[in-house]
$ cat start_23.txt   # compact mmCIF, C-alpha atoms (C1' of nucleotides)
# COMPACT_ATOMS: atom_id res chain seq x y z
CA MET A 207 -28.83 -19.48 -12.25
CA PRO A 208 -27.68 -21.49 -9.23
CA LYS A 209 -27.89 -20.12 -5.74
CA ALA A 210 -26.96 -16.46 -5.79
CA ARG A 211 -25.52 -15.86 -2.38
CA LEU A 212 -23.08 -13.20 -3.42
CA THR A 213 -23.36 -10.62 -6.14
CA PRO A 214 -21.03 -7.85 -7.27
CA ALA A 215 -23.30 -5.41 -5.50
CA SER A 216 -23.45 -7.30 -2.23
CA VAL A 217 -19.69 -7.81 -2.23
CA THR A 218 -19.20 -4.10 -2.83
CA GLU A 219 -21.58 -3.22 -0.05
CA ALA A 220 -19.79 -5.55 2.36
CA ALA A 221 -16.43 -4.14 1.31
CA ALA A 222 -17.71 -0.61 1.87
CA ALA A 223 -18.85 -1.52 5.36
CA LEU A 224 -15.49 -3.14 5.98
CA VAL A 225 -13.37 -0.17 4.94
CA ASP A 226 -15.47 2.09 7.15
CA GLU A 227 -14.48 -0.14 10.04
CA VAL A 228 -10.86 -0.95 9.39
CA GLY A 229 -9.81 1.90 7.13
CA PHE A 230 -9.40 1.96 3.39
CA ASP A 231 -5.69 1.15 3.57
CA ASN A 232 -6.40 -2.01 5.50
CA LEU A 233 -8.80 -3.43 2.96
CA SER A 234 -7.73 -6.94 2.00
CA MET A 235 -9.39 -9.65 0.02
CA GLY A 236 -8.78 -12.13 2.79
CA LEU A 237 -10.49 -10.03 5.43
CA LEU A 238 -13.44 -9.34 3.18
CA ALA A 239 -13.79 -13.03 2.31
CA GLU A 240 -13.77 -13.92 5.98
CA ARG A 241 -16.56 -11.43 6.66
CA LEU A 242 -18.61 -12.97 3.89
CA GLY A 243 -18.00 -16.51 5.11
CA VAL A 244 -16.19 -17.45 1.96
CA LYS A 245 -12.64 -18.31 0.87
CA THR A 246 -10.59 -15.57 -0.72
CA PRO A 247 -10.50 -16.84 -4.31
CA SER A 248 -14.27 -17.08 -4.40
CA LEU A 249 -14.50 -13.31 -4.43
CA TYR A 250 -13.03 -13.30 -7.89
CA LYS A 251 -16.27 -14.77 -9.22
CA HIS A 252 -17.85 -11.40 -8.49
CA VAL A 253 -15.07 -8.83 -8.76
CA THR A 254 -12.17 -8.94 -11.15
CA SER A 255 -9.57 -7.45 -8.81
CA GLN A 256 -9.08 -5.54 -5.62
CA ALA A 257 -8.54 -2.39 -7.67
CA GLU A 258 -11.92 -2.80 -9.30
CA LEU A 259 -13.49 -3.44 -5.92
CA ALA A 260 -11.99 -0.23 -4.57
CA HIS A 261 -13.33 1.61 -7.57
CA ARG A 262 -16.82 0.22 -6.99
CA ILE A 263 -16.66 1.42 -3.39
CA ALA A 264 -15.65 4.84 -4.67
CA VAL A 265 -18.63 5.04 -7.03
CA LEU A 266 -20.95 3.91 -4.26
CA ALA A 267 -19.52 6.52 -1.91
CA MET A 268 -19.76 9.35 -4.40
CA THR A 269 -23.34 8.42 -5.18
CA GLU A 270 -24.34 8.21 -1.53
CA ALA A 271 -22.57 11.45 -0.68
CA GLY A 272 -24.25 13.13 -3.63
CA ASP A 273 -27.64 12.00 -2.37
CA ALA A 274 -26.92 13.21 1.14
CA ILE A 275 -25.77 16.62 -0.02
CA ARG A 276 -28.66 17.04 -2.42
CA ASP A 277 -31.13 16.09 0.29
CA GLY A 278 -29.53 18.60 2.62
CA ILE A 279 -29.73 21.45 0.15
CA GLN A 280 -33.17 20.50 -1.11
CA GLY A 281 -35.81 23.02 -0.20
CA ARG A 282 -33.42 25.54 1.31
CA SER A 283 -31.46 28.45 -0.05
CA GLY A 284 -28.67 30.82 0.86
CA SER A 285 -27.14 30.36 4.28
CA ASP A 286 -29.52 27.56 5.18
CA ALA A 287 -28.66 25.58 2.08
CA LEU A 288 -24.95 26.05 2.64
CA ALA A 289 -25.18 24.96 6.26
CA ALA A 290 -27.36 21.95 5.55
CA GLY A 291 -25.26 20.80 2.59
CA ALA A 292 -21.99 21.18 4.45
CA GLN A 293 -23.32 19.41 7.52
CA ALA A 294 -24.64 16.60 5.37
CA MET A 295 -21.27 16.14 3.77
CA ARG A 296 -19.40 16.19 7.05
CA ALA A 297 -21.85 13.72 8.56
CA TYR A 298 -21.38 11.39 5.63
CA VAL A 299 -17.59 11.45 5.90
CA ARG A 300 -17.72 10.87 9.64
CA GLU A 301 -20.01 7.90 9.22
CA HIS A 302 -18.20 6.51 6.21
CA PRO A 303 -14.54 7.48 6.39
CA GLY A 304 -13.40 4.41 4.49
CA ARG A 305 -15.75 5.02 1.60
CA TYR A 306 -14.72 8.64 1.46
CA ALA A 307 -11.07 7.61 1.35
CA ALA A 308 -11.88 5.22 -1.47
CA ALA A 309 -13.57 8.01 -3.39
CA ASN A 310 -10.53 10.22 -2.95
CA ALA A 311 -8.12 7.50 -4.00
CA THR A 312 -9.83 6.69 -7.27
CA ARG A 313 -9.32 8.14 -10.74
CA PRO A 314 -11.85 7.85 -13.55
CA THR A 315 -10.95 4.82 -15.62
CA GLY A 316 -12.39 6.17 -18.84
CA PRO A 317 -14.95 8.48 -20.38
CA ASP A 318 -17.88 6.24 -19.46
CA ASP A 319 -16.83 5.62 -15.91
CA PRO A 320 -19.91 5.91 -13.67
CA PHE A 321 -17.72 7.72 -11.18
CA ILE A 322 -17.82 10.76 -13.45
CA PRO A 323 -21.58 11.39 -13.38
CA ALA A 324 -21.61 10.58 -9.67
CA SER A 325 -19.10 13.31 -8.91
CA GLU A 326 -20.78 15.69 -11.32
CA ARG A 327 -23.96 15.32 -9.34
CA VAL A 328 -22.11 16.47 -6.25
CA LEU A 329 -20.67 19.45 -8.07
CA ALA A 330 -24.10 20.29 -9.45
CA SER A 331 -25.56 20.39 -5.97
CA TRP A 332 -22.89 22.78 -4.78
CA ALA A 333 -23.35 24.91 -7.87
CA ALA A 334 -27.09 25.09 -7.28
CA MET A 335 -26.48 26.12 -3.70
CA LEU A 336 -23.94 28.76 -4.70
CA SER A 337 -26.20 30.22 -7.34
CA GLY A 338 -28.44 31.36 -4.51
CA TYR A 339 -25.78 33.84 -3.49
CA GLY A 340 -26.00 35.67 -6.80
CA LEU A 341 -22.28 35.89 -7.33
CA ASP A 342 -20.64 37.47 -10.32
CA PRO A 343 -20.49 34.68 -12.96
CA GLY A 344 -16.73 35.01 -13.26
CA GLN A 345 -16.34 34.33 -9.57
CA GLU A 346 -18.52 31.26 -9.33
CA ILE A 347 -15.77 28.86 -10.33
CA HIS A 348 -13.42 30.31 -7.74
CA ALA A 349 -16.09 30.21 -5.06
CA MET A 350 -16.83 26.63 -5.98
CA ARG A 351 -13.20 25.61 -5.70
CA THR A 352 -12.83 27.44 -2.42
CA LEU A 353 -15.92 25.76 -1.05
CA ARG A 354 -14.77 22.32 -2.13
CA SER A 355 -11.35 22.99 -0.64
CA VAL A 356 -12.63 23.93 2.81
CA LEU A 357 -15.13 21.13 3.06
CA HIS A 358 -12.79 18.49 1.71
CA GLY A 359 -9.94 19.77 3.83
CA PHE A 360 -11.95 19.88 7.01
CA ALA A 361 -13.40 16.44 6.43
CA THR A 362 -10.06 14.80 5.71
CA LEU A 363 -8.29 16.55 8.57
CA GLU A 364 -11.03 15.50 10.96
CA ALA A 365 -11.01 11.93 9.67
CA ALA A 366 -7.24 11.82 10.08
CA GLY A 367 -7.50 13.03 13.64
CA GLY A 368 -5.81 16.27 12.68
CA PHE A 369 -7.67 18.44 15.17
CA GLN A 370 -5.93 17.74 18.41
CA ILE A 371 -6.77 20.61 20.69
CA ASP A 372 -9.78 19.96 22.88
CA ALA A 373 -11.82 22.78 21.45
CA SER A 374 -15.11 21.59 20.02
CA VAL A 375 -14.77 20.44 16.44
CA ASP A 376 -18.51 20.85 15.94
CA GLU A 377 -18.22 24.46 16.97
CA SER A 378 -15.30 24.98 14.62
CA PHE A 379 -17.33 23.59 11.77
CA THR A 380 -20.30 25.86 12.34
CA TRP A 381 -17.85 28.75 12.64
CA LEU A 382 -16.34 27.70 9.32
CA ILE A 383 -19.75 27.55 7.64
CA ASN A 384 -20.58 30.96 9.00
CA PHE A 385 -17.26 32.31 7.80
CA ILE A 386 -17.89 31.07 4.29
CA ASP A 387 -21.46 32.30 4.31
CA GLN A 388 -20.44 35.80 5.29
CA GLY A 389 -17.70 35.86 2.70
CA LEU A 390 -20.08 34.77 -0.03
CA ARG A 391 -22.66 37.34 0.92
CA ALA A 392 -20.03 40.07 1.00
CA GLY A 393 -18.75 38.89 -2.36
CA ALA A 394 -22.24 39.04 -3.79
CA ALA A 395 -22.74 42.53 -2.44
CA SER A 396 -19.45 43.98 -3.65
CA GLY A 397 -19.41 42.19 -7.00
CA SER A 398 -16.01 41.59 -8.53
CA ASP A 399 -14.39 43.96 -6.05
CA ALA A 400 -13.71 40.99 -3.85
CA VAL A 401 -11.03 39.67 -6.12
CA ARG A 402 -8.83 42.71 -6.30
CA MET B 1322 34.18 2.69 9.52
CA PRO B 1323 34.19 1.12 6.08
CA LYS B 1324 32.99 2.93 3.02
CA ALA B 1325 29.84 4.86 3.85
CA ARG B 1326 28.05 5.04 0.56
CA LEU B 1327 24.57 5.09 1.97
CA THR B 1328 23.28 6.51 5.21
CA PRO B 1329 19.79 6.65 6.71
CA ALA B 1330 19.64 10.29 5.69
CA SER B 1331 20.74 9.74 2.11
CA VAL B 1332 18.34 6.82 1.71
CA THR B 1333 15.51 8.96 3.05
CA GLU B 1334 16.41 11.79 0.71
CA ALA B 1335 16.48 9.45 -2.28
CA ALA B 1336 13.16 7.95 -1.22
CA ALA B 1337 11.65 11.41 -0.91
CA ALA B 1338 12.80 12.28 -4.41
CA LEU B 1339 11.39 9.00 -5.63
CA VAL B 1340 7.91 9.44 -4.14
CA ASP B 1341 7.72 12.90 -5.65
CA GLU B 1342 8.27 11.28 -9.03
CA VAL B 1343 6.22 8.12 -8.87
CA GLY B 1344 3.74 8.94 -6.14
CA PHE B 1345 3.71 7.91 -2.53
CA ASP B 1346 1.53 4.87 -3.19
CA ASN B 1347 4.03 3.53 -5.67
CA LEU B 1348 6.95 3.61 -3.30
CA SER B 1349 8.64 0.22 -3.20
CA MET B 1350 11.86 -0.99 -1.70
CA GLY B 1351 12.86 -2.57 -4.99
CA LEU B 1352 12.45 0.61 -6.96
CA LEU B 1353 14.34 2.63 -4.39
CA ALA B 1354 17.17 0.11 -4.28
CA GLU B 1355 17.44 0.23 -8.05
CA ARG B 1356 17.73 4.02 -7.95
CA LEU B 1357 20.51 3.74 -5.42
CA GLY B 1358 22.38 1.09 -7.39
CA VAL B 1359 21.96 -1.48 -4.66
CA LYS B 1360 20.04 -4.69 -4.09
CA THR B 1361 16.82 -4.50 -2.12
CA PRO B 1362 17.93 -6.22 1.11
CA SER B 1363 20.87 -3.84 1.43
CA LEU B 1364 18.47 -1.03 2.27
CA TYR B 1365 17.70 -2.73 5.55
CA LYS B 1366 21.18 -1.85 6.76
CA HIS B 1367 19.98 1.76 6.88
CA VAL B 1368 16.24 1.63 7.51
CA THR B 1369 14.39 -0.92 9.57
CA SER B 1370 11.29 -1.16 7.39
CA GLN B 1371 9.35 0.49 4.64
CA ALA B 1372 7.00 1.92 7.25
CA GLU B 1373 9.90 3.59 9.03
CA LEU B 1374 11.17 4.92 5.72
CA ALA B 1375 7.77 6.44 4.97
CA HIS B 1376 7.77 8.01 8.39
CA ARG B 1377 11.20 9.53 7.81
CA ILE B 1378 9.95 11.02 4.56
CA ALA B 1379 7.01 12.47 6.46
CA VAL B 1380 9.25 14.12 9.03
CA LEU B 1381 11.46 15.50 6.29
CA ALA B 1382 8.44 16.86 4.45
CA MET B 1383 6.91 18.47 7.49
CA THR B 1384 10.22 20.10 8.35
CA GLU B 1385 10.77 21.41 4.84
CA ALA B 1386 7.22 22.66 4.57
CA GLY B 1387 7.55 24.34 7.93
CA ASP B 1388 10.69 26.12 6.76
CA ALA B 1389 9.03 27.24 3.54
CA ILE B 1390 5.97 28.59 5.31
CA ARG B 1391 8.00 30.33 7.99
CA ASP B 1392 10.21 31.93 5.35
CA GLY B 1393 7.14 33.11 3.49
CA ILE B 1394 5.55 34.70 6.52
CA GLN B 1395 8.82 36.10 7.87
CA GLY B 1396 8.96 39.87 7.75
CA ARG B 1397 5.39 40.33 6.60
CA SER B 1398 2.09 40.77 8.37
CA GLY B 1399 -1.62 40.73 7.76
CA SER B 1400 -2.73 40.10 4.20
CA ASP B 1401 0.83 39.94 2.94
CA ALA B 1402 1.82 37.29 5.45
CA LEU B 1403 -1.26 35.23 4.68
CA ALA B 1404 -0.66 35.41 0.94
CA ALA B 1405 3.03 34.61 1.18
CA GLY B 1406 2.55 31.76 3.62
CA ALA B 1407 -0.26 30.21 1.63
CA GLN B 1408 1.64 30.52 -1.64
CA ALA B 1409 4.71 28.97 -0.03
CA MET B 1410 2.71 26.02 1.15
CA ARG B 1411 1.03 25.48 -2.19
CA ALA B 1412 4.34 25.73 -3.99
CA TYR B 1413 5.84 23.15 -1.67
CA VAL B 1414 3.02 20.69 -2.25
CA ARG B 1415 3.18 21.17 -6.01
CA GLU B 1416 6.91 20.54 -6.06
CA HIS B 1417 6.78 17.69 -3.57
CA PRO B 1418 3.45 15.93 -3.85
CA GLY B 1419 4.87 12.59 -2.75
CA ARG B 1420 6.43 14.00 0.39
CA TYR B 1421 3.22 15.82 1.22
CA ALA B 1422 1.27 12.59 0.78
CA ALA B 1423 3.75 10.86 3.09
CA ALA B 1424 3.24 13.56 5.70
CA ASN B 1425 -0.53 13.14 5.50
CA ALA B 1426 -0.34 9.37 5.73
CA THR B 1427 1.74 9.26 8.87
CA ARG B 1428 0.67 9.19 12.52
CA PRO B 1429 2.95 10.10 15.40
CA THR B 1430 4.54 6.93 16.70
CA GLY B 1431 4.92 8.18 20.25
CA PRO B 1432 5.36 11.21 22.46
CA ASP B 1433 8.94 11.80 21.35
CA ASP B 1434 8.31 11.42 17.64
CA PRO B 1435 10.17 14.20 15.79
CA PHE B 1436 7.12 14.50 13.58
CA ILE B 1437 5.31 16.22 16.43
CA PRO B 1438 7.63 19.24 16.83
CA ALA B 1439 7.88 19.48 13.05
CA SER B 1440 4.12 19.84 12.68
CA GLU B 1441 3.94 22.12 15.68
CA ARG B 1442 6.34 24.46 13.93
CA VAL B 1443 3.95 24.67 11.02
CA LEU B 1444 1.03 25.40 13.31
CA ALA B 1445 3.08 28.02 15.14
CA SER B 1446 3.77 29.83 11.89
CA TRP B 1447 0.09 29.94 11.03
CA ALA B 1448 -0.73 31.09 14.54
CA ALA B 1449 1.80 33.90 14.31
CA MET B 1450 0.34 34.95 11.01
CA LEU B 1451 -3.22 34.86 12.33
CA SER B 1452 -2.32 36.88 15.40
CA GLY B 1453 -1.72 39.80 13.06
CA TYR B 1454 -5.44 39.94 12.40
CA GLY B 1455 -6.23 40.67 16.02
CA LEU B 1456 -9.05 38.20 16.28
CA ASP B 1457 -11.05 37.55 19.39
CA PRO B 1458 -9.03 34.93 21.34
CA GLY B 1459 -11.97 32.53 21.40
CA GLN B 1460 -12.11 32.58 17.62
CA GLU B 1461 -8.48 31.95 16.91
CA ILE B 1462 -8.75 28.18 17.13
CA HIS B 1463 -11.67 28.16 14.70
CA ALA B 1464 -9.88 30.48 12.32
CA MET B 1465 -6.82 28.28 12.50
CA ARG B 1466 -8.81 25.16 11.70
CA THR B 1467 -10.61 26.88 8.88
CA LEU B 1468 -7.33 28.11 7.44
CA ARG B 1469 -5.74 24.70 7.67
CA SER B 1470 -8.80 23.15 6.06
CA VAL B 1471 -8.81 25.42 3.02
CA LEU B 1472 -5.12 25.21 2.38
CA HIS B 1473 -4.91 21.48 2.92
CA GLY B 1474 -8.04 20.90 0.89
CA PHE B 1475 -6.91 23.03 -2.00
CA ALA B 1476 -3.46 21.47 -2.07
CA THR B 1477 -4.72 17.91 -2.01
CA LEU B 1478 -7.46 18.53 -4.56
CA GLU B 1479 -4.96 20.18 -6.86
CA ALA B 1480 -2.44 17.38 -6.39
CA ALA B 1481 -5.12 14.83 -7.14
CA GLY B 1482 -6.07 16.63 -10.34
CA GLY B 1483 -9.42 17.55 -8.84
CA PHE B 1484 -9.76 20.87 -10.62
CA GLN B 1485 -10.83 19.89 -14.10
CA ILE B 1486 -12.37 22.98 -15.62
CA ASP B 1487 -9.92 25.02 -17.62
CA ALA B 1488 -10.23 28.09 -15.43
CA SER B 1489 -6.90 29.16 -14.03
CA VAL B 1490 -6.06 27.36 -10.82
CA ASP B 1491 -3.57 30.07 -9.93
CA GLU B 1492 -6.32 32.63 -10.16
CA SER B 1493 -8.61 30.52 -8.02
CA PHE B 1494 -5.93 30.30 -5.37
CA THR B 1495 -5.35 34.04 -5.19
CA TRP B 1496 -9.13 34.46 -5.07
CA LEU B 1497 -9.24 31.98 -2.19
CA ILE B 1498 -6.51 33.84 -0.31
CA ASN B 1499 -8.33 37.10 -0.81
CA PHE B 1500 -11.56 35.52 0.35
CA ILE B 1501 -9.97 34.33 3.57
CA ASP B 1502 -8.21 37.62 4.12
CA GLN B 1503 -11.41 39.60 3.83
CA GLY B 1504 -13.22 37.21 6.13
CA LEU B 1505 -10.51 37.46 8.75
CA ARG B 1506 -10.47 41.23 8.61
CA ALA B 1507 -14.23 41.38 8.90
CA GLY B 1508 -14.09 38.96 11.82
CA ALA B 1509 -11.53 41.13 13.54
CA ALA B 1510 -13.68 44.19 13.02
CA SER B 1511 -16.94 42.67 14.23
CA GLY B 1512 -15.49 40.70 17.09
CA SER B 1513 -17.42 37.64 18.21
CA ASP B 1514 -20.45 38.67 16.17
CA ALA B 1515 -19.10 36.60 13.31
CA VAL B 1516 -19.93 33.35 14.99
CA ARG B 1517 -23.59 33.89 15.60
C1' DC C 1093 53.06 -4.75 6.85
C1' DT C 1094 49.87 -7.87 8.83
C1' DT C 1095 45.86 -8.77 11.38
C1' DC C 1096 41.52 -8.00 13.21
C1' DT C 1097 36.87 -6.07 13.26
C1' DG C 1098 32.61 -4.55 11.94
C1' DA C 1099 29.85 -2.04 8.61
C1' DA C 1100 27.65 -2.73 4.36
C1' DG C 1101 26.98 -5.21 0.53
C1' DC C 1102 25.18 -9.76 -1.56
C1' DT C 1103 22.43 -14.27 -2.32
C1' DA C 1104 19.00 -17.39 -0.70
C1' DA C 1105 14.89 -18.06 1.26
C1' DC C 1106 10.53 -17.19 3.99
C1' DG C 1107 5.74 -15.37 4.39
C1' DC C 1108 1.90 -12.92 3.21
C1' DG C 1109 -1.43 -11.18 0.04
C1' DG C 1110 -3.37 -10.80 -4.54
C1' DT C 1111 -4.37 -13.61 -8.29
C1' DT C 1112 -5.03 -17.71 -11.54
C1' DA C 1113 -6.05 -22.57 -12.75
C1' DG C 1114 -8.73 -26.18 -12.46
C1' DC C 1115 -11.99 -29.17 -9.99
C1' DC C 1116 -16.58 -30.09 -7.77
C1' DT C 1117 -21.14 -29.23 -6.38
C1' DT C 1118 -25.51 -27.40 -6.96
C1' DC C 1119 -29.55 -25.90 -9.02
C1' DA C 1120 -32.58 -23.66 -13.15
C1' DG C 1121 -34.48 -24.95 -17.14
C1' DC C 1122 -35.24 -28.32 -20.70
C1' DG D 636 -33.66 -36.96 -14.74
C1' DC D 637 -30.18 -34.49 -17.72
C1' DT D 638 -27.26 -30.67 -18.55
C1' DG D 639 -24.72 -26.62 -18.21
C1' DA D 640 -23.16 -22.88 -16.06
C1' DA D 641 -22.70 -20.26 -11.69
C1' DG D 642 -20.29 -20.19 -7.71
C1' DG D 643 -17.84 -22.33 -4.37
C1' DC D 644 -13.17 -24.82 -3.07
C1' DT D 645 -8.06 -26.30 -3.04
C1' DA D 646 -3.55 -25.82 -4.94
C1' DA D 647 -0.32 -23.13 -6.75
C1' DC D 648 2.03 -18.87 -8.73
C1' DC D 649 4.00 -14.41 -8.25
C1' DG D 650 5.65 -10.11 -6.49
C1' DC D 651 7.17 -7.69 -2.61
C1' DG D 652 8.66 -6.86 2.09
C1' DT D 653 11.63 -8.89 5.13
C1' DT D 654 15.19 -12.02 7.52
C1' DA D 655 19.33 -15.03 7.77
C1' DG D 656 23.70 -15.69 7.02
C1' DC D 657 27.88 -15.28 4.08
C1' DT D 658 31.51 -12.16 2.07
C1' DT D 659 34.24 -8.27 1.43
C1' DC D 660 36.84 -4.42 2.39
C1' DA D 661 38.25 0.09 4.95
C1' DG D 662 40.43 1.43 8.62
C1' DA D 663 42.33 0.67 13.49
C1' DA D 664 45.74 -1.86 16.17
C1' DG D 665 49.85 -4.13 16.73
$ encode --input "start_23.txt" --output "structure tokens"
Amino acid sequence: MPKARLTPASVTEAAAALVDEVGFDNLSMGLLAERLGVKTPSLYKHVTSQAELAHRIAVLAMTEAGDAIRDGIQGRSGSDALAAGAQAMRAYVREHPGRYAAANATRPTGPDDPFIPASERVLASWAAMLSGYGLDPGQEIHAMRTLRSVLHGFATLEAAGGFQIDASVDESFTWLINFIDQGLRAGAASGSDAVR
Amino acid sequence: MPKARLTPASVTEAAAALVDEVGFDNLSMGLLAERLGVKTPSLYKHVTSQAELAHRIAVLAMTEAGDAIRDGIQGRSGSDALAAGAQAMRAYVREHPGRYAAANATRPTGPDDPFIPASERVLASWAAMLSGYGLDPGQEIHAMRTLRSVLHGFATLEAAGGFQIDASVDESFTWLINFIDQGLRAGAASGSDAVR
DNA sequence: CTTCTGAAGCTAACGCGGTTAGCCTTCAGC
DNA sequence: GCTGAAGGCTAACCGCGTTAGCTTCAGAAG
């Protein structure tokens, strides 16, 4: 093999760093090539298309986010696990808004798409965390969807600059976590009463 | 004035219908022109650019969504208002995913952008609804942000096909509404205890 | 009824960005 | 040293947004 300056992985990593800077929508092959000190067409020796590149960023992001969330939850349970996992996710999105946008923009390309196990790992972490609340089994799926909705919604709204008022966003997020925690504990206590 | 087949408003309306069909990302001037029985450059007699067109769709969407939410909340209070408002918003996003995507993609272009009052109307409706819960004033902003996060998160995840498992999404949404309702009522009862 | 005007359509053409084709250089392994 | 492929480059293609400039026709003005 001749000199291996660039590889698919290194191009993906550079592209991920780039989208975090300039925004996922502003990703362009020309800009990426410039960053890598290379002419645009050369990138096609390592990636087949911009779409594939975006997909690689998405897989990377989902994997990294999954690691962060797992590490946050690891060794904790109940309220602590919820708080640590949620904070880990929010921190990841704040630090890597472009990657997160890439992950949201992508669809699995097929049954053996590595994006699928990567996102399943995230879901598994949340499920493990939720199981600590001892919810009624029939409610777990709803709790999971509600949890995903709040966290995803908060993260995207924050990334989009959706929280204008000058009240502390950090404070709002801890309030949100507390709100969810209390609801989950009440749900666990009252069983399926919570639904009707 | 000569024959007025197309107007800025009619072009915007057609574009809005188009993005709901093909997705906001797939909006193109060529496709829109074809739908309107016109050649692409002719559109520029009515809109200055594709970016401006997207922005017009966003304003339209925010206005329509604001109307739907207000109508849902109107005449109700407490749990009923929350449920009706939330259902109205979800219904709007399901029926108009492209418009909703346009609204999320846009940024105010300046201080007199009509998008600003349109989104403020939405926020005002939610604020009116929340006031029925009699929360501690210091908590209202956090409750508002939490509410926006869940609803926005759920709507976007659903639109993106993020809920894979074959459990009823409708049921999850009513569960979510109930979850929020109970949390808000508990927060009202316990005052600022909920935050710490 | 004719003439004038301008809005709204059209064709031609530009520019940018993604992509492909094909050439050239370089180095790993024989 | 030879060879072959990896990885870079230039040139060129293509689609899409956009602009320039011509044409047409509805309605106002005389």
$ atom_distance --input "start_23.txt" --atom1 "CA of Ser285 (chain A)" --atom2 "CA of Leu1456 (chain B)"
23.1 Å
$ residues_around --input "start_23.txt" --residues "DC1108 (chain C)" --least-positions-apart "4" --cutoff "12 Å" --atoms "all atoms listed in the file" --output "list of chain:residue names"
A:Ser234, A:Gly236, D:DC649, D:DG650, D:DC651, D:DG652, D:DT653
$ residues_around --input "start_23.txt" --residues "region 307-319 of chain A" --least-positions-apart "6" --cutoff "8 Å" --atoms "all atoms listed in the file" --output "PyMOL selection string"
chain A and resi 230+260-261+263-265+267-268
$ write_last_selection --input "start_23.txt" --atoms "C-alpha atoms" --output "compact mmCIF listing (two decimals), keeping the file's coordinate frame"
# COMPACT_ATOMS: atom_id res chain seq x y z
CA PHE A 230 -9.40 1.96 3.39
CA ALA A 260 -11.99 -0.23 -4.57
CA HIS A 261 -13.33 1.61 -7.57
CA ILE A 263 -16.66 1.42 -3.39
CA ALA A 264 -15.65 4.84 -4.67
CA VAL A 265 -18.63 5.04 -7.03
CA ALA A 267 -19.52 6.52 -1.91
CA MET A 268 -19.76 9.35 -4.40
$ residues_around --input "start_23.txt" --residues "Arg276 (chain A)" --least-positions-apart "4" --cutoff "8 Å" --atoms "only C-alpha atoms (C1' of nucleotides)" --output "list in words"
Gly272, Gln280, Gly291, Val328 and Ser331 of chain A
$ write_last_selection --input "start_23.txt" --atoms "C-alpha atoms" --output "short mmCIF file (atom, residue, chain, number, x, y, z; two decimals), in the coordinates of the input"
data_model
loop_
_atom_site.label_atom_id
_atom_site.label_comp_id
_atom_site.auth_asym_id
_atom_site.auth_seq_id
_atom_site.Cartn_x
_atom_site.Cartn_y
_atom_site.Cartn_z
CA GLY A 272 -24.25 13.13 -3.63
CA GLN A 280 -33.17 20.50 -1.11
CA GLY A 291 -25.26 20.80 2.59
CA VAL A 328 -22.11 16.47 -6.25
CA SER A 331 -25.56 20.39 -5.97
#
$ atom_distance --input "start_23.txt" --atom1 "CA of Gly340 (chain A)" --atom2 "CA of Leu1472 (chain B)"
25.1 Å
$ atom_distance --input "start_23.txt" --atom1 "C1' of DT638 (chain D)" --atom2 "CA of Pro247 (chain A)"
26.0 Å
$ interface_residues --input "start_23.txt" --of "chain C" --to "chain B" --cutoff "12 Å" --atoms "all atoms listed in the file" --output "list of chain:residue names"
C:DT1097, C:DG1098, C:DA1099, C:DA1100, C:DG1101, C:DC1102, C:DT1103, C:DA1104
$ write_last_selection --input "start_23.txt" --atoms "C-alpha atoms (C1' of nucleotides)" --output "PDB file, in the coordinates of the input"
ATOM      1  C1'  DT C1097      36.870  -6.070  13.260  1.00  0.00           C
ATOM      2  C1'  DG C1098      32.610  -4.550  11.940  1.00  0.00           C
ATOM      3  C1'  DA C1099      29.850  -2.040   8.610  1.00  0.00           C
ATOM      4  C1'  DA C1100      27.650  -2.730   4.360  1.00  0.00           C
ATOM      5  C1'  DG C1101      26.980  -5.210   0.530  1.00  0.00           C
ATOM      6  C1'  DC C1102      25.180  -9.760  -1.560  1.00  0.00           C
ATOM      7  C1'  DT C1103      22.430 -14.270  -2.320  1.00  0.00           C
ATOM      8  C1'  DA C1104      19.000 -17.390  -0.700  1.00  0.00           C
TER       9       DA C1104
END
$ interface_residues --input "start_23.txt" --of "chain D" --to "chain A" --cutoff "9 Å" --atoms "all atoms listed in the file" --output "PDB file with C-alpha atoms (C1' of nucleotides), in the frame of the given file"
ATOM      1  C1'  DA D 640     -23.160 -22.880 -16.060  1.00  0.00           C
ATOM      2  C1'  DA D 641     -22.700 -20.260 -11.690  1.00  0.00           C
ATOM      3  C1'  DG D 642     -20.290 -20.190  -7.710  1.00  0.00           C
ATOM      4  C1'  DG D 643     -17.840 -22.330  -4.370  1.00  0.00           C
ATOM      5  C1'  DC D 644     -13.170 -24.820  -3.070  1.00  0.00           C
TER       6       DC D 644
END
$ interface_residues --input "start_23.txt" --of "chain A" --to "chain B" --cutoff "8 Å" --atoms "only C-alpha atoms" --output "number ranges by chain"
A: 347-349, 351-352, 354-360, 363, 369, 373, 377-382, 384-386, 388-389, 400-402
$ residues_around --input "start_23.txt" --residues "DA655 (chain D)" --least-positions-apart "2" --cutoff "10 Å" --atoms "only C-alpha atoms (C1' of nucleotides)" --output "PyMOL selection string"
(chain C and resi 1104-1106) or (chain D and resi 657)
$ write_last_selection --input "start_23.txt" --atoms "C-alpha atoms (C1' of nucleotides)" --output "PDB file, keeping the file's coordinate frame"
ATOM      1  C1'  DA C1104      19.000 -17.390  -0.700  1.00  0.00           C
ATOM      2  C1'  DA C1105      14.890 -18.060   1.260  1.00  0.00           C
ATOM      3  C1'  DC C1106      10.530 -17.190   3.990  1.00  0.00           C
TER       4       DC C1106
ATOM      5  C1'  DC D 657      27.880 -15.280   4.080  1.00  0.00           C
TER       6       DC D 657
END
$ residues_around --input "start_23.txt" --residues "region 1094-1096 of chain C" --least-positions-apart "5" --cutoff "10 Å" --atoms "all atoms listed in the file" --output "list in words"
DA663, DA664 and DG665 of chain D
$ write_last_selection --input "start_23.txt" --atoms "C-alpha atoms (C1' of nucleotides)" --output "compact mmCIF listing (two decimals), keeping the file's coordinate frame"
# COMPACT_ATOMS: atom_id res chain seq x y z
C1' DA D 663 42.33 0.67 13.49
C1' DA D 664 45.74 -1.86 16.17
C1' DG D 665 49.85 -4.13 16.73
